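Visitor: For reference, the file query.txt (compact mmCIF, C-alpha atoms (C1' of nucleotides)) is included below:
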```txt
# COMPACT_ATOMS: atom_id res chain seq x y z
CA MET A 7 2.37 29.34 -8.46
CA GLN A 8 2.33 28.77 -12.19
CA LEU A 9 0.72 25.91 -14.05
CA PRO A 10 3.83 23.84 -14.80
CA GLU A 11 4.91 23.92 -11.16
CA ALA A 12 1.41 23.12 -9.97
CA LYS A 13 1.22 20.25 -12.41
CA GLY A 14 4.46 18.87 -11.02
CA LYS A 15 3.21 19.13 -7.48
CA PHE A 16 -0.02 17.40 -8.35
CA ILE A 17 1.82 14.54 -10.02
CA GLU A 18 4.11 14.20 -7.05
CA ALA A 19 1.28 14.25 -4.52
CA TRP A 20 -0.78 11.73 -6.46
CA GLY A 21 2.25 9.48 -6.73
CA LYS A 22 2.88 9.65 -3.02
CA LEU A 23 -0.72 8.95 -2.17
CA GLY A 24 -0.70 5.99 -4.51
CA SER A 25 2.38 4.50 -2.94
CA GLU A 26 0.87 4.85 0.52
CA TRP A 27 -2.07 2.80 -0.69
CA GLY A 28 -0.13 0.04 -2.38
CA ILE A 29 -0.20 1.46 -5.88
CA ASN A 30 3.10 1.80 -7.65
CA ARG A 31 4.25 5.41 -7.56
CA THR A 32 5.00 5.69 -11.26
CA MET A 33 1.61 4.28 -12.13
CA ALA A 34 -0.10 6.91 -10.02
CA GLN A 35 2.07 9.60 -11.55
CA VAL A 36 1.28 8.60 -15.10
CA HIS A 37 -2.36 8.59 -14.14
CA ALA A 38 -2.00 12.07 -12.64
CA LEU A 39 -0.31 13.35 -15.76
CA LEU A 40 -3.10 12.02 -17.95
CA LEU A 41 -5.70 13.47 -15.58
CA VAL A 42 -4.42 16.98 -16.10
CA SER A 43 -3.84 16.61 -19.82
CA PRO A 44 -6.67 17.86 -21.97
CA ASN A 45 -5.78 15.56 -24.79
CA GLU A 46 -4.41 12.10 -25.26
CA LEU A 47 -0.67 11.62 -24.89
CA THR A 48 1.73 9.29 -26.64
CA THR A 49 4.13 6.97 -24.84
CA GLU A 50 6.89 9.28 -26.02
CA GLU A 51 5.34 12.33 -24.41
CA ILE A 52 4.79 10.52 -21.13
CA MET A 53 8.38 9.27 -21.08
CA GLU A 54 9.58 12.75 -21.76
CA GLU A 55 7.48 14.51 -19.17
CA LEU A 56 8.06 12.09 -16.33
CA LYS A 57 11.59 11.11 -17.32
CA ILE A 58 10.91 7.42 -17.35
CA SER A 59 12.09 4.71 -19.69
CA ARG A 60 10.14 3.28 -22.56
CA GLY A 61 9.76 -0.07 -20.86
CA ASN A 62 8.48 1.46 -17.69
CA ALA A 63 6.03 3.68 -19.54
CA ASN A 64 4.75 0.76 -21.53
CA MET A 65 4.18 -1.51 -18.56
CA THR A 66 2.67 1.21 -16.46
CA LEU A 67 0.21 2.11 -19.19
CA ARG A 68 -0.78 -1.53 -19.55
CA ASP A 69 -1.43 -1.67 -15.82
CA LEU A 70 -3.50 1.48 -15.90
CA ILE A 71 -5.52 0.02 -18.72
CA SER A 72 -6.06 -3.20 -16.80
CA TRP A 73 -7.29 -1.12 -13.88
CA GLY A 74 -9.78 0.51 -16.24
CA LEU A 75 -8.40 3.96 -15.56
CA VAL A 76 -6.87 4.68 -18.95
CA GLU A 77 -7.83 3.93 -22.52
CA LYS A 78 -5.86 3.48 -25.69
CA GLN A 79 -6.86 5.67 -28.57
CA HIS A 80 -6.07 5.03 -32.11
CA LYS A 81 -5.95 7.96 -34.46
CA ALA A 82 -6.86 7.42 -38.09
CA GLY A 83 -3.81 7.44 -40.30
CA GLU A 84 -1.38 7.33 -37.37
CA ARG A 85 0.78 4.50 -36.18
CA LYS A 86 1.29 5.83 -32.69
CA GLU A 87 -1.00 4.92 -29.86
CA TYR A 88 -2.48 7.61 -27.71
CA PHE A 89 -3.53 7.30 -24.10
CA TYR A 90 -6.36 9.00 -22.38
CA ALA A 91 -7.65 8.99 -18.78
CA ASP A 92 -11.26 9.20 -17.74
CA LYS A 93 -11.48 12.40 -15.73
CA ASP A 94 -14.69 11.72 -13.83
CA THR A 95 -13.64 11.48 -10.20
CA TRP A 96 -16.55 9.28 -9.31
CA ASN A 97 -15.72 6.82 -12.07
CA ILE A 98 -12.13 6.68 -10.89
CA ALA A 99 -13.21 5.85 -7.35
CA ARG A 100 -15.67 3.24 -8.60
CA GLN A 101 -13.08 1.66 -10.82
CA VAL A 102 -10.47 1.45 -8.09
CA ALA A 103 -13.01 0.03 -5.63
CA LYS A 104 -14.11 -2.52 -8.20
CA GLU A 105 -10.62 -3.71 -8.99
CA ARG A 106 -9.41 -3.89 -5.42
CA ARG A 107 -12.52 -5.80 -4.47
CA LYS A 108 -11.84 -8.33 -7.16
CA ARG A 109 -8.11 -8.55 -6.60
CA GLU A 110 -7.93 -8.42 -2.81
CA LEU A 111 -11.20 -8.62 -0.97
CA ASP A 112 -12.53 -11.66 -2.78
CA PRO A 113 -9.40 -13.76 -2.19
CA ILE A 114 -9.26 -12.96 1.50
CA ILE A 115 -12.90 -13.79 1.98
CA LYS A 116 -12.22 -17.15 0.42
CA ILE A 117 -9.48 -17.79 2.97
CA LEU A 118 -11.56 -16.52 5.87
CA ASP A 119 -14.39 -18.81 4.86
CA GLU A 120 -12.05 -21.77 5.06
CA LEU A 121 -10.61 -20.68 8.35
CA SER A 122 -14.09 -20.20 9.79
CA LYS A 123 -14.69 -23.88 9.26
CA VAL A 124 -11.80 -25.00 11.46
CA GLU A 125 -13.17 -26.94 14.38
CA GLY A 126 -11.79 -27.26 17.84
CA ASP A 127 -12.37 -27.68 21.51
CA SER A 128 -14.76 -24.98 22.65
CA LYS A 129 -13.11 -24.97 26.04
CA ASP A 130 -9.73 -24.12 24.52
CA GLU A 131 -9.15 -20.40 24.88
CA ALA A 132 -6.73 -20.37 21.96
CA PHE A 133 -9.38 -21.89 19.74
CA LYS A 134 -12.13 -19.63 21.00
CA THR A 135 -10.13 -16.49 20.35
CA PHE A 136 -9.00 -17.64 16.93
CA ASN A 137 -12.53 -18.49 16.00
CA LYS A 138 -14.01 -15.25 17.24
CA SER A 139 -11.48 -13.04 15.48
CA VAL A 140 -11.71 -14.94 12.23
CA THR A 141 -15.48 -15.06 12.11
CA ASP A 142 -15.79 -11.40 13.10
CA ILE A 143 -13.40 -10.26 10.43
CA ASN A 144 -15.10 -12.52 7.94
CA LYS A 145 -18.45 -10.98 8.76
CA LEU A 146 -17.12 -7.46 8.31
CA ALA A 147 -15.36 -8.37 5.08
CA LYS A 148 -18.52 -9.90 3.69
CA ASN A 149 -20.53 -6.85 4.60
CA VAL A 150 -18.03 -4.60 2.90
CA ASP A 151 -18.12 -6.90 -0.10
CA LYS A 152 -21.89 -6.88 -0.33
CA THR A 153 -22.01 -3.14 0.09
CA LEU A 154 -19.47 -2.58 -2.65
CA GLU A 155 -21.32 -4.89 -4.95
CA THR A 156 -24.53 -2.98 -4.45
CA MET A 157 -22.84 0.37 -4.81
CA LEU A 158 -20.94 -0.61 -7.87
CA LYS A 159 -23.70 -2.14 -9.84
CA ALA A 160 -26.59 0.00 -8.89
CA GLU A 161 -26.89 3.70 -9.21
CA GLU A 162 -30.54 2.78 -9.58
CA ASN A 163 -30.71 1.80 -5.92
CA TRP A 164 -32.57 4.65 -4.20
CA PHE A 165 -30.67 4.30 -0.99
CA TRP A 166 -27.19 4.50 -2.46
CA LYS A 167 -28.26 7.12 -4.92
CA SER A 168 -29.05 9.41 -2.03
CA ILE A 169 -25.76 8.61 -0.35
CA PHE A 170 -23.82 9.29 -3.55
CA LYS A 171 -25.37 12.71 -3.79
CA MET A 172 -23.65 13.64 -0.58
CA PHE A 173 -20.29 12.98 -2.19
CA LYS A 174 -20.66 14.59 -5.58
CA MET B 19 -7.17 -28.22 9.14
CA GLN B 20 -5.85 -27.96 12.64
CA LEU B 21 -5.53 -24.83 14.73
CA PRO B 22 -1.77 -24.22 14.37
CA GLU B 23 -1.98 -24.49 10.58
CA ALA B 24 -5.04 -22.27 10.49
CA LYS B 25 -3.32 -19.73 12.67
CA GLY B 26 -0.38 -19.65 10.28
CA LYS B 27 -2.66 -19.15 7.31
CA PHE B 28 -4.47 -16.35 9.01
CA ILE B 29 -1.23 -14.59 9.86
CA GLU B 30 -0.02 -14.99 6.31
CA ALA B 31 -3.26 -13.73 4.79
CA TRP B 32 -3.45 -10.73 7.08
CA GLY B 33 0.16 -9.90 6.28
CA LYS B 34 -0.48 -10.07 2.57
CA LEU B 35 -3.58 -7.92 2.79
CA GLY B 36 -1.66 -5.38 4.82
CA SER B 37 1.15 -5.15 2.32
CA GLU B 38 -1.33 -4.65 -0.52
CA TRP B 39 -2.69 -1.68 1.39
CA GLY B 40 0.60 -0.04 2.25
CA ILE B 41 1.02 -1.53 5.69
CA ASN B 42 4.27 -3.27 6.42
CA ARG B 43 3.79 -7.02 6.20
CA THR B 44 5.45 -7.84 9.49
CA MET B 45 3.37 -5.27 11.28
CA ALA B 46 0.18 -6.82 9.95
CA GLN B 47 1.45 -10.27 10.92
CA VAL B 48 2.25 -9.28 14.47
CA HIS B 49 -1.20 -7.75 14.66
CA ALA B 50 -2.74 -10.95 13.35
CA LEU B 51 -0.85 -13.03 15.87
CA LEU B 52 -2.07 -10.86 18.72
CA LEU B 53 -5.60 -10.97 17.33
CA VAL B 54 -5.76 -14.73 17.66
CA SER B 55 -4.00 -14.88 21.02
CA PRO B 56 -6.29 -15.07 24.00
CA ASN B 57 -3.74 -13.48 26.25
CA GLU B 58 -1.02 -10.90 26.07
CA LEU B 59 2.30 -11.94 24.56
CA THR B 60 5.84 -10.90 25.33
CA THR B 61 8.29 -9.61 22.75
CA GLU B 62 10.11 -12.91 23.16
CA GLU B 63 7.06 -14.97 22.30
CA ILE B 64 6.32 -12.87 19.25
CA MET B 65 9.91 -13.15 18.02
CA GLU B 66 9.75 -16.87 18.51
CA GLU B 67 6.43 -17.46 16.82
CA LEU B 68 7.04 -15.25 13.78
CA LYS B 69 10.80 -15.85 13.56
CA ILE B 70 11.70 -12.20 13.60
CA SER B 71 14.53 -10.36 15.31
CA ARG B 72 14.28 -8.49 18.57
CA GLY B 73 14.79 -5.13 16.89
CA ASN B 74 12.11 -5.80 14.34
CA ALA B 75 9.66 -6.99 16.97
CA ASN B 76 10.32 -3.95 19.08
CA MET B 77 9.84 -1.43 16.30
CA THR B 78 6.82 -3.18 14.90
CA LEU B 79 5.15 -3.22 18.31
CA ARG B 80 5.85 0.48 18.74
CA ASP B 81 4.23 1.13 15.38
CA LEU B 82 1.20 -0.93 16.27
CA ILE B 83 0.87 1.02 19.47
CA SER B 84 1.13 4.32 17.60
CA TRP B 85 -1.64 3.11 15.32
CA GLY B 86 -3.72 2.45 18.42
CA LEU B 87 -4.14 -1.21 17.57
CA VAL B 88 -2.08 -2.72 20.36
CA GLU B 89 -1.52 -1.89 24.01
CA LYS B 90 1.30 -2.50 26.39
CA GLN B 91 0.41 -4.31 29.57
CA HIS B 92 2.41 -4.29 32.64
CA LYS B 93 2.05 -7.20 35.03
CA ALA B 94 2.54 -6.62 38.74
CA GLY B 95 5.84 -7.98 39.93
CA GLU B 96 7.12 -8.64 36.41
CA ARG B 97 9.78 -6.83 34.47
CA LYS B 98 8.65 -8.00 31.06
CA GLU B 99 6.19 -6.05 28.98
CA TYR B 100 3.18 -7.75 27.54
CA PHE B 101 1.31 -6.79 24.41
CA TYR B 102 -2.34 -7.10 23.73
CA ALA B 103 -4.52 -6.34 20.71
CA ASP B 104 -8.03 -5.00 20.82
CA LYS B 105 -10.13 -7.68 19.17
CA ASP B 106 -13.21 -5.66 18.30
CA THR B 107 -13.31 -5.62 14.52
CA TRP B 108 -15.20 -2.38 14.43
CA ASN B 109 -12.66 -0.65 16.64
CA ILE B 110 -9.87 -1.89 14.42
CA ALA B 111 -11.55 -0.47 11.34
CA ARG B 112 -12.24 2.82 13.11
CA GLN B 113 -8.70 3.09 14.32
CA VAL B 114 -7.19 2.43 10.91
CA ALA B 115 -9.54 4.90 9.27
CA LYS B 116 -8.71 7.49 11.87
CA GLU B 117 -4.97 7.14 11.48
CA ARG B 118 -4.94 7.06 7.72
CA ARG B 119 -7.13 10.10 7.63
CA LYS B 120 -4.71 11.99 9.81
CA ARG B 121 -1.57 10.70 8.12
CA GLU B 122 -2.61 10.76 4.49
CA LEU B 123 -5.92 12.36 3.71
CA ASP B 124 -5.31 15.57 5.63
CA PRO B 125 -1.93 16.27 3.98
CA ILE B 126 -3.24 15.71 0.49
CA ILE B 127 -6.21 17.97 1.07
CA LYS B 128 -3.81 20.68 2.11
CA ILE B 129 -1.95 20.33 -1.17
CA LEU B 130 -5.12 20.19 -3.22
CA ASP B 131 -6.36 23.35 -1.56
CA GLU B 132 -3.20 25.13 -2.65
CA LEU B 133 -3.38 23.76 -6.14
CA SER B 134 -7.03 24.80 -6.43
CA LYS B 135 -5.92 28.37 -6.00
CA VAL B 136 -3.63 28.36 -9.03
CA GLU B 137 -4.93 30.86 -11.52
CA GLY B 138 -4.67 30.84 -15.27
CA ASP B 139 -6.12 31.68 -18.62
CA SER B 140 -9.61 30.23 -18.77
CA LYS B 141 -9.21 29.79 -22.53
CA ASP B 142 -6.18 27.57 -22.04
CA GLU B 143 -7.27 23.94 -22.30
CA ALA B 144 -4.31 22.80 -20.24
CA PHE B 145 -5.30 25.10 -17.43
CA LYS B 146 -8.98 24.21 -17.65
CA THR B 147 -8.31 20.50 -17.43
CA PHE B 148 -5.84 20.87 -14.59
CA ASN B 149 -8.26 23.00 -12.69
CA LYS B 150 -11.21 20.72 -13.22
CA SER B 151 -9.37 17.57 -12.16
CA VAL B 152 -7.82 19.19 -9.12
CA THR B 153 -11.00 20.80 -7.87
CA ASP B 154 -13.04 17.65 -8.48
CA ILE B 155 -10.61 15.49 -6.58
CA ASN B 156 -10.41 18.07 -3.86
CA LYS B 157 -14.17 18.05 -3.52
CA LEU B 158 -14.31 14.28 -3.24
CA ALA B 159 -11.45 14.20 -0.76
CA LYS B 160 -13.14 16.79 1.41
CA ASN B 161 -16.37 14.87 1.35
CA VAL B 162 -14.62 11.69 2.37
CA ASP B 163 -12.84 13.62 5.08
CA LYS B 164 -16.05 15.12 6.46
CA THR B 165 -17.78 11.77 6.34
CA LEU B 166 -14.98 10.06 8.20
CA GLU B 167 -14.96 12.77 10.80
CA THR B 168 -18.64 12.34 11.41
CA MET B 169 -18.43 8.58 11.46
CA LEU B 170 -15.46 8.53 13.76
CA LYS B 171 -16.66 10.89 16.34
CA ALA B 172 -20.27 10.09 16.43
CA GLU B 173 -21.91 6.82 17.06
CA GLU B 174 -24.59 9.06 18.52
CA ASN B 175 -25.46 10.31 15.03
CA TRP B 176 -28.73 8.58 14.13
CA PHE B 177 -27.92 8.38 10.48
CA TRP B 178 -24.56 6.70 10.83
CA LYS B 179 -25.81 4.57 13.64
CA SER B 180 -28.29 2.98 11.27
CA ILE B 181 -25.62 2.53 8.63
CA PHE B 182 -23.26 0.91 11.12
CA LYS B 183 -25.89 -1.63 12.04
CA MET B 184 -25.73 -2.95 8.52
CA PHE B 185 -22.08 -3.79 9.02
CA LYS B 186 -22.05 -5.36 12.41
C1' DT C 20 8.32 -8.90 -48.87
C1' DT C 21 10.72 -5.44 -47.06
C1' DT C 22 11.31 -1.73 -44.32
C1' DA C 23 10.41 1.60 -40.94
C1' DA C 24 7.65 2.97 -37.17
C1' DC C 25 6.24 1.63 -33.25
C1' DT C 26 5.31 -1.68 -29.05
C1' DT C 27 6.51 -5.26 -25.91
C1' DT C 28 9.45 -8.08 -23.14
C1' DC C 29 12.61 -9.29 -19.61
C1' DA C 30 17.28 -9.97 -17.51
C1' DA C 31 20.15 -7.11 -15.21
C1' DA C 32 20.86 -2.82 -12.58
C1' DA C 33 19.32 0.57 -9.50
C1' DC C 34 16.74 1.77 -5.82
C1' DA C 35 13.80 1.33 -1.72
C1' DA C 36 12.07 -0.98 2.26
C1' DT C 37 12.69 -4.11 5.76
C1' DT C 38 15.29 -6.77 8.97
C1' DT C 39 19.05 -8.07 11.73
C1' DG C 40 21.90 -8.19 15.75
C1' DA C 41 25.02 -6.41 18.66
C1' DA C 42 25.82 -2.50 21.45
C1' DA C 43 23.91 1.07 24.24
C1' DG C 44 20.32 2.39 27.25
C1' DT C 45 17.04 1.84 31.00
C1' DT C 46 14.90 0.15 35.06
C1' DT C 47 14.44 -2.33 39.26
C1' DA C 48 15.86 -5.34 42.95
C1' DT C 49 19.45 -6.19 46.06
C1' DA D 28 26.47 1.17 43.61
C1' DT D 29 26.04 -3.02 41.03
C1' DA D 30 24.08 -6.52 38.54
C1' DA D 31 20.52 -8.63 36.14
C1' DA D 32 16.56 -8.30 33.29
C1' DC D 33 14.78 -6.23 29.96
C1' DT D 34 14.11 -2.53 26.00
C1' DT D 35 15.68 0.47 22.44
C1' DT D 36 18.55 2.01 18.74
C1' DC D 37 20.65 2.11 14.33
C1' DA D 38 24.38 0.97 10.83
C1' DA D 39 24.92 -2.64 7.93
C1' DA D 40 22.99 -6.56 5.52
C1' DT D 41 19.29 -8.56 3.39
C1' DT D 42 15.41 -8.82 0.77
C1' DG D 43 11.89 -6.91 -2.27
C1' DT D 44 10.36 -3.68 -5.80
C1' DT D 45 10.89 -0.80 -9.58
C1' DT D 46 13.27 0.76 -13.57
C1' DT D 47 16.16 0.54 -17.41
C1' DG D 48 17.44 -0.33 -22.08
C1' DA D 49 18.54 -3.07 -25.65
C1' DA D 50 16.75 -6.83 -28.26
C1' DA D 51 12.81 -9.14 -30.05
C1' DG D 52 8.27 -8.69 -31.71
C1' DT D 53 4.55 -6.59 -34.27
C1' DT D 54 2.12 -3.97 -37.65
C1' DA D 55 1.10 -1.44 -41.71
C1' DA D 56 2.47 1.18 -45.68
C1' DA D 57 5.08 0.92 -49.82
```
Show me this structure written as structure tokens.
Guide:
Amino acid sequence: MQLPEAKGKFIEAWGKLGSEWGINRTMAQVHALLLVSPNELTTEEIMEELKISRGNANMTLRDLISWGLVEKQHKAGERKEYFYADKDTWNIARQVAKERRKRELDPIIKILDELSKVEGDSKDEAFKTFNKSVTDINKLAKNVDKTLETMLKAEENWFWKSIFKMFK
Amino acid sequence: MQLPEAKGKFIEAWGKLGSEWGINRTMAQVHALLLVSPNELTTEEIMEELKISRGNANMTLRDLISWGLVEKQHKAGERKEYFYADKDTWNIARQVAKERRKRELDPIIKILDELSKVEGDSKDEAFKTFNKSVTDINKLAKNVDKTLETMLKAEENWFWKSIFKMFK
DNA sequence: TTTAACTTTCAAAACAATTTGAAAGTTTAT
DNA sequence: ATAAACTTTCAAATTGTTTTGAAAGTTAAA
């Protein structure tokens, strides 16, 4: 297999994976393209390579920036904007975990907290089951949340540091 | 807030979370409904409560069963089938991790392995970057895979056992 | 300030995923 | 064997998501 073909396969696979995890396919593909590009690319080049429209490229790049996965670069004397992806796998994972925590975990914990407060007849099976499921899930969610917080903010934490080593 | 309202909110929230993580909304909602139901429900009851069609209910329940989250029950002397969800949060998490590993992680590792083999000119920046990104991601994916395998098969493993305790 | 290079927006179009419902299939009791 | 109770299937319809592209907006050099 030659590089261009391999590149295409990588972009496709990354796109598919993204879409299976609730990330827009094009966004994952643009990210993949930037990941395998040694230097920054312009909107034009991205449009060209992935055969997507200007509007799509623009919005997708904005999203990637808001996810902290891509940065705008600004070359002296040039009008065009260049885009560049952080290529450190660990940073990518951290960044995705951080964003999803903020965007999804936090809101659902808020709801679960409310639902945990619902009171009812402790002899009512329907209530008992509701309550048990909700409080159990809430507990797990909070543990995940706390764990992520620790992991994300502290490489200085000896415990997580040793866990991270296993993954690098 | 009263129980029926709370139930509705829980179902809605679980559905939304599911869809953000690539799980069909209805499937997550049916799961949620079964999670808060003390006893098994029939297809009819599920259709009724969630206002979905028979076909949809049927397919969704099959999916949930294939994910190992729901079981069919068969009451003596009755023709109808009843459905029941395991309510142990930890089992749910295990089951989802197990399935997604099989369905998504394994296939992408296979592709990454292939792409890692691609050879090229080590002076070519394009090749170097491609290779670095692909092998790095492959390494991380394999580590996640190994970790999940260990976690999933072994509660007997002292190390993971102590980690699990933190979450329960 | 004008112009040209470039970026952003967003309504409409294209595409993708989900859902419906009626028909076909299956099972069990009689 | 037939009927009744129930389950499954799948083509078509609906709904939801993504993409386009042209127009509007912005910026910076002249």
Visitor: Onto chain B, please fit chain A by least squares using all C-alpha atoms in order, then return the transformed chain as a compact mmCIF listing (two decimals) with C-alpha atoms, in the coordinates of the input.
Guide:
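Saved file selection-v1.txt follows:
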```
# COMPACT_ATOMS: atom_id res chain seq x y z
CA MET A 7 -7.16 -28.25 9.16
CA GLN A 8 -5.84 -27.96 12.69
CA LEU A 9 -5.52 -24.83 14.76
CA PRO A 10 -1.78 -24.23 14.40
CA GLU A 11 -1.97 -24.50 10.61
CA ALA A 12 -5.04 -22.29 10.49
CA LYS A 13 -3.31 -19.75 12.68
CA GLY A 14 -0.38 -19.69 10.29
CA LYS A 15 -2.63 -19.20 7.32
CA PHE A 16 -4.47 -16.38 9.01
CA ILE A 17 -1.23 -14.61 9.86
CA GLU A 18 -0.01 -15.03 6.32
CA ALA A 19 -3.24 -13.77 4.77
CA TRP A 20 -3.42 -10.77 7.08
CA GLY A 21 0.18 -9.95 6.28
CA LYS A 22 -0.46 -10.11 2.57
CA LEU A 23 -3.55 -7.97 2.80
CA GLY A 24 -1.64 -5.43 4.83
CA SER A 25 1.15 -5.20 2.31
CA GLU A 26 -1.35 -4.69 -0.50
CA TRP A 27 -2.70 -1.71 1.41
CA GLY A 28 0.60 -0.08 2.25
CA ILE A 29 1.02 -1.58 5.69
CA ASN A 30 4.28 -3.33 6.40
CA ARG A 31 3.79 -7.08 6.20
CA THR A 32 5.45 -7.88 9.51
CA MET A 33 3.35 -5.29 11.27
CA ALA A 34 0.17 -6.87 9.95
CA GLN A 35 1.43 -10.30 10.92
CA VAL A 36 2.23 -9.30 14.47
CA HIS A 37 -1.21 -7.77 14.66
CA ALA A 38 -2.75 -11.00 13.35
CA LEU A 39 -0.86 -13.05 15.89
CA LEU A 40 -2.07 -10.86 18.73
CA LEU A 41 -5.62 -10.99 17.35
CA VAL A 42 -5.76 -14.74 17.69
CA SER A 43 -3.99 -14.88 21.02
CA PRO A 44 -6.29 -15.03 24.01
CA ASN A 45 -3.74 -13.47 26.27
CA GLU A 46 -1.03 -10.89 26.08
CA LEU A 47 2.29 -11.92 24.57
CA THR A 48 5.83 -10.87 25.35
CA THR A 49 8.29 -9.60 22.77
CA GLU A 50 10.10 -12.89 23.20
CA GLU A 51 7.05 -14.95 22.34
CA ILE A 52 6.31 -12.86 19.27
CA MET A 53 9.90 -13.16 18.05
CA GLU A 54 9.75 -16.86 18.56
CA GLU A 55 6.45 -17.46 16.85
CA LEU A 56 7.06 -15.29 13.81
CA LYS A 57 10.80 -15.88 13.62
CA ILE A 58 11.71 -12.24 13.62
CA SER A 59 14.52 -10.39 15.31
CA ARG A 60 14.28 -8.49 18.54
CA GLY A 61 14.78 -5.16 16.82
CA ASN A 62 12.10 -5.84 14.30
CA ALA A 63 9.65 -7.01 16.94
CA ASN A 64 10.32 -3.95 19.03
CA MET A 65 9.84 -1.46 16.23
CA THR A 66 6.80 -3.20 14.87
CA LEU A 67 5.14 -3.21 18.27
CA ARG A 68 5.85 0.49 18.67
CA ASP A 69 4.22 1.12 15.31
CA LEU A 70 1.19 -0.93 16.22
CA ILE A 71 0.88 1.02 19.42
CA SER A 72 1.13 4.31 17.55
CA TRP A 73 -1.65 3.09 15.28
CA GLY A 74 -3.75 2.45 18.38
CA LEU A 75 -4.14 -1.21 17.54
CA VAL A 76 -2.08 -2.71 20.35
CA GLU A 77 -1.53 -1.87 23.98
CA LYS A 78 1.31 -2.46 26.37
CA GLN A 79 0.44 -4.25 29.55
CA HIS A 80 2.45 -4.21 32.64
CA LYS A 81 2.08 -7.09 35.03
CA ALA A 82 2.61 -6.47 38.72
CA GLY A 83 5.91 -7.86 39.90
CA GLU A 84 7.17 -8.54 36.37
CA ARG A 85 9.81 -6.74 34.40
CA LYS A 86 8.66 -7.93 31.02
CA GLU A 87 6.19 -6.00 28.96
CA TYR A 88 3.18 -7.72 27.54
CA PHE A 89 1.31 -6.78 24.40
CA TYR A 90 -2.34 -7.08 23.73
CA ALA A 91 -4.54 -6.32 20.70
CA ASP A 92 -8.06 -5.00 20.82
CA LYS A 93 -10.14 -7.70 19.18
CA ASP A 94 -13.22 -5.67 18.30
CA THR A 95 -13.31 -5.63 14.51
CA TRP A 96 -15.21 -2.39 14.40
CA ASN A 97 -12.68 -0.66 16.62
CA ILE A 98 -9.87 -1.89 14.40
CA ALA A 99 -11.54 -0.47 11.31
CA ARG A 100 -12.24 2.82 13.07
CA GLN A 101 -8.70 3.08 14.30
CA VAL A 102 -7.18 2.40 10.90
CA ALA A 103 -9.55 4.88 9.24
CA LYS A 104 -8.71 7.48 11.85
CA GLU A 105 -4.97 7.12 11.47
CA ARG A 106 -4.93 7.03 7.70
CA ARG A 107 -7.14 10.09 7.61
CA LYS A 108 -4.73 11.95 9.80
CA ARG A 109 -1.58 10.69 8.13
CA GLU A 110 -2.62 10.75 4.48
CA LEU A 111 -5.93 12.36 3.70
CA ASP A 112 -5.31 15.56 5.63
CA PRO A 113 -1.94 16.26 3.99
CA ILE A 114 -3.26 15.71 0.49
CA ILE A 115 -6.21 17.96 1.08
CA LYS A 116 -3.81 20.66 2.14
CA ILE A 117 -1.95 20.31 -1.16
CA LEU A 118 -5.14 20.18 -3.20
CA ASP A 119 -6.36 23.34 -1.53
CA GLU A 120 -3.21 25.12 -2.62
CA LEU A 121 -3.40 23.76 -6.12
CA SER A 122 -7.03 24.81 -6.40
CA LYS A 123 -5.91 28.38 -5.95
CA VAL A 124 -3.63 28.39 -8.99
CA GLU A 125 -4.92 30.90 -11.48
CA GLY A 126 -4.65 30.87 -15.21
CA ASP A 127 -6.09 31.73 -18.55
CA SER A 128 -9.58 30.29 -18.74
CA LYS A 129 -9.18 29.84 -22.46
CA ASP A 130 -6.14 27.61 -21.98
CA GLU A 131 -7.24 24.00 -22.26
CA ALA A 132 -4.28 22.81 -20.21
CA PHE A 133 -5.29 25.12 -17.40
CA LYS A 134 -8.96 24.24 -17.62
CA THR A 135 -8.29 20.53 -17.40
CA PHE A 136 -5.82 20.90 -14.57
CA ASN A 137 -8.25 23.03 -12.67
CA LYS A 138 -11.20 20.75 -13.19
CA SER A 139 -9.37 17.60 -12.14
CA VAL A 140 -7.82 19.21 -9.10
CA THR A 141 -11.00 20.82 -7.86
CA ASP A 142 -13.03 17.67 -8.47
CA ILE A 143 -10.62 15.49 -6.58
CA ASN A 144 -10.43 18.08 -3.84
CA LYS A 145 -14.19 18.07 -3.51
CA LEU A 146 -14.32 14.29 -3.26
CA ALA A 147 -11.45 14.20 -0.78
CA LYS A 148 -13.15 16.78 1.40
CA ASN A 149 -16.39 14.85 1.34
CA VAL A 150 -14.62 11.68 2.35
CA ASP A 151 -12.86 13.62 5.08
CA LYS A 152 -16.06 15.10 6.44
CA THR A 153 -17.79 11.76 6.32
CA LEU A 154 -14.99 10.05 8.19
CA GLU A 155 -14.97 12.75 10.79
CA THR A 156 -18.66 12.33 11.41
CA MET A 157 -18.44 8.57 11.46
CA LEU A 158 -15.48 8.50 13.73
CA LYS A 159 -16.65 10.87 16.34
CA ALA A 160 -20.30 10.14 16.45
CA GLU A 161 -21.95 6.86 17.08
CA GLU A 162 -24.62 9.14 18.48
CA ASN A 163 -25.48 10.34 14.98
CA TRP A 164 -28.75 8.60 14.10
CA PHE A 165 -27.94 8.37 10.45
CA TRP A 166 -24.57 6.69 10.80
CA LYS A 167 -25.80 4.56 13.63
CA SER A 168 -28.28 2.98 11.27
CA ILE A 169 -25.62 2.50 8.63
CA PHE A 170 -23.25 0.89 11.13
CA LYS A 171 -25.89 -1.63 12.05
CA MET A 172 -25.74 -2.96 8.53
CA PHE A 173 -22.09 -3.81 9.00
CA LYS A 174 -22.03 -5.35 12.44
```
Visitor: Would you list which chain B residues are within 7 Å of chain A using all atoms listed in the file, as a VMD selection string?
Guide: chain B and resid 19 to 21 24 31 38 to 40 53 to 56 105 107 126 133 136 143 to 145 147 to 148 151 154 to 155 158 161 185 to 186
Visitor: If the cut-off is 10 Å, can you tell me the residues of chain B near chain D, counting all atoms listed in the file? I'd like them as a list of chain:residue names.
Guide: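 The answer, sorted by residue number, is B:Thr61, B:Arg72, B:Gly73, B:Asn76, B:Met77, B:Glu96, B:Arg97, B:Lys98, B:Glu99.
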